[in-house]
Each structure stands twice: as structure tokens, then as C-alpha cells.
Amino acid sequence: MFIDETEITVVSGRGGDGMSSFRREKYVPRGGPDGGDGGKGGDVVLRASRNVTTLAGIQHKRRYRAPGGGPGGTALCAGRAGEDLVIEVPVGTLVRDAKHENVLRDLAHDGDEVIVVHGGGGGRGNKHFAHATNQAPKRATEGRPGEERALKLELRLVADVGLVGLPNAGKSTFLRRVSAARPKVADYPFTTLTPVLGIVQPDDIGLVVADIPGLIEGAHAGAGLGDRFLRHVARTRVLLHLVDVLVGPEQALRDWRAIREELRLSGLGLDERPSLLAVSRIDTVEDASPVVEALAAASGGRVLAFSSQTGQGVPEVVAALLVLVRGDD
């Protein structure tokens, strides 16, 4: 199951108690204090890993606790430190404090990590409390409690190319054509209910392409799949905007403008992202040029046309995406 948002509570480890003890050796009847300090409690760490693709595994356990530190020992032996608890999350996870809504860290790259709660400090042994007027203190302190914090985790997919367009614009079919990904394809709106990543391998480097649920008007305000869609688009470097040729020139213009407006209203700068406009499903009409020409005139840029069913025009689309992603002239 693909889960892109969840809340958890994390608790760091309690520090170990300090020890109150005295040196006891033969011929040393009144040895001084030798109580050791308690060990520090474990931290809770969130770490981005490319081996994790969804927050589903984390969602099943809502409360995470790091081990506590060990108590101090005799002969000035310090207690063991509690092991840090490391929770692996997908690359692209935004970590927020659930209470204050502030962002603690954007784990945008593999290996990025953040300590979300620090372990409690260990207590002090009685050795620390010896002084000139009290050379045999019995006092030792307890370890400090760990911290507790509620977190909100939001996954935003990291991809080179994000496919945008109204439902049934041909995004899933395109991804199936150019990669090994197998998103569900059917002739009704919102077939794709969760984002799907595919690897397009035109050369040794390749592109990561995200098929993201289709937009509808009002998505920026939460309509349809709304801001859950826009969250994933925000991390893509280039947008491939698909328009269905079957709707005809006038409706194609309305569809293109509707999506552009939703991207603008998102407030994420998506309307300024490098993009490629393409007309899909050209195998279903005799002449795609009226739709292509109308979009080219309105956008003032290049418009490609292709068929995912026959493969016509697909290599040209992939080549144009490579140019945009790599910033080639």
C-alpha cells in the first residue's frame, strides 16, 4: 500500500542513574566515593533511504521509543549509553513537528538524517559531590527523562519528470510505454490513485518519471486528489503536460489552461517549472494538427504529438525531456 502521509510519536531514551558507592579495598578501610555516571539515553533519528518507498511500514506502529542508558557502576564505571533508534523513511520525506507545524528537516537525499528527539543525560555519580567538607557524599542523581514529540511525515516524490494533465490524458499509458512500470490503465477518471515511478532508460543515465494522479479544477484548494497531487509535483525537475487529442482544439485549450491555472494557484512555483507540452493518443484521429497548432499558438512554444499505443513520436518526446532535464542547449 502506498502511504504518503502519517503521524507518529517518538520518545528518546531516559538517562541512566548515577551510582552512589565507595571504594572498598584491603588496607583501604575508608576509600573515597567511586560511583560512576549513568549512560545517556538513545536518540531517535529519521534517515532517508532509497530502499524505502512508502510510509506504510511506519504507519503500522504509531509510537517509537529509544532504549534508555544504563546505570553507573562502582569503581567510577560509567553506564552504557542507550543505542540510537534509527527509523528509515523514503527519500523525499518532509518531517514536521505535529504540534507547531514547523519543518524540522527535508530529507531530500539518500542518507539525509535528523535527530528528532535527544536522549536524556545520565545521572552523576557521588564522586562528583565530594569536596573539602564532605569527602564521603552519598548523593547521586537520577538520569534525565527522554524527550517526547509528535511528528507529521509527508512524502513528496523525487523525480526528474512529472506527468501532469487532466484525468485520462494518457499519462499512465505513456509511462507503461517508456518504462517497466505498470500503472493501472482504464478509460475512466482517476484510474491512477497513487503516484507511480518508472525508470526511462534512453542511455546509461536514464530518467525517473512520476505518473501522478490527474488534476481537476480546484485541485489547489483540495478538490479531487488536490494538494496530495501537487505535493508530489513540487519535487519534479521538469513537467510533461499531456493533452488528449480526442477532445478537439477548443477543449484542448481549455484543458491546458485549467491545468496551468491549478499549477499557478498552488503557490509552489510549478507554473514556472521547465515543461514540455505534448498531445497524446494521436492514433485515435486522422489528423492531430488542429489540436497541435492551437496549443502551439496559445503557448508560444513547441508542441509534440505522440501515440503510446503505436510508439509514434514517443522517442522525440523522451529526447526532448532529456534536453530539459539536463539543461542542454
# chains A, B, ... in the order shown; residues from 1 in each chain; ligands from 1
>>> residues_around(residues="Leu239 of chain A", least_positions_apart="4", cutoff="7 Å", atoms="only C-alpha atoms", output="VMD selection string")
chain A and resid 161 to 164 273 to 276
>>> residues_around(residues="Thr6 of chain A", least_positions_apart="5", cutoff="12 Å", atoms="only C-alpha atoms", output="ChimeraX atom specification")
/A:54-63,89,93-96,98,150-155
>>> closest_residue(among="A:Leu277, A:Leu197, A:Arg326, A:Pro33", to="His131 of chain A", atoms="only C-alpha atoms")
A:Pro33
>>> closest_atom_pairs(of="segment 31-63 of chain A", to="segment 79-85 of chain A", cutoff="10 Å", atoms="only C-alpha atoms", output="tab-separated table")
residue	atom	partner	partner_atom	distance
A:Gly36	CA	A:Gly79	CA	7.2
A:Asp37	CA	A:Gly79	CA	6.3
A:Gly38	CA	A:Gly79	CA	4.6
A:Gly39	CA	A:Ala81	CA	4.3
A:Lys40	CA	A:Ala81	CA	4.8
A:Gly41	CA	A:Gly82	CA	4.6
A:Gly42	CA	A:Asp84	CA	4.3
A:Asp43	CA	A:Asp84	CA	4.7
A:Val44	CA	A:Leu85	CA	4.8
A:Val45	CA	A:Leu85	CA	6.0
A:Leu46	CA	A:Leu85	CA	8.5
>>> atom_distance(atom1="atom CA of Gly72 of chain A", atom2="atom CA of Ile87 of chain A")
28.1 Å
>>> atom_distance(atom1="atom CA of Val285 of chain A", atom2="atom CA of Arg177 of chain A")
19.4 Å
>>> residues_around(residues="segment 313-325 of chain A", least_positions_apart="5", cutoff="7 Å", atoms="only C-alpha atoms", output="NGL selection string")
:A and (160 or 237-238 or 274 or 304-308)
>>> residues_around(residues="Leu270 of chain A", least_positions_apart="3", cutoff="9 Å", atoms="only C-alpha atoms", output="list in words")
Leu230, Val233, Ala234, Leu239, Arg260, Leu263, Arg264, Leu265, Ser266, Gly267, Arg273 and Pro274 of chain A
>>> closest_residue(among="A:Glu250, A:Asp4, A:Glu25, A:Asp34", to="Pro290 of chain A", atoms="only C-alpha atoms")
A:Glu250
>>> atom_distance(atom1="atom CA of Arg149 of chain A", atom2="atom CA of Val10 of chain A")
5.5 Å
>>> select_by_dssp(residues="segment 32-233 of chain A", states="alpha helix (DSSP H)", output="PyMOL selection string")
chain A and resi 56-59+171-178+226-233
>>> closest_residue(among="A:Val200, A:Arg235, A:Val52, A:Ala136", to="Asp106 of chain A", atoms="only C-alpha atoms")
A:Arg235
>>> closest_residue(among="A:Gly206, A:Gly32, A:Gly13, A:Pro90", to="Gly122 of chain A", atoms="only C-alpha atoms")
A:Gly13
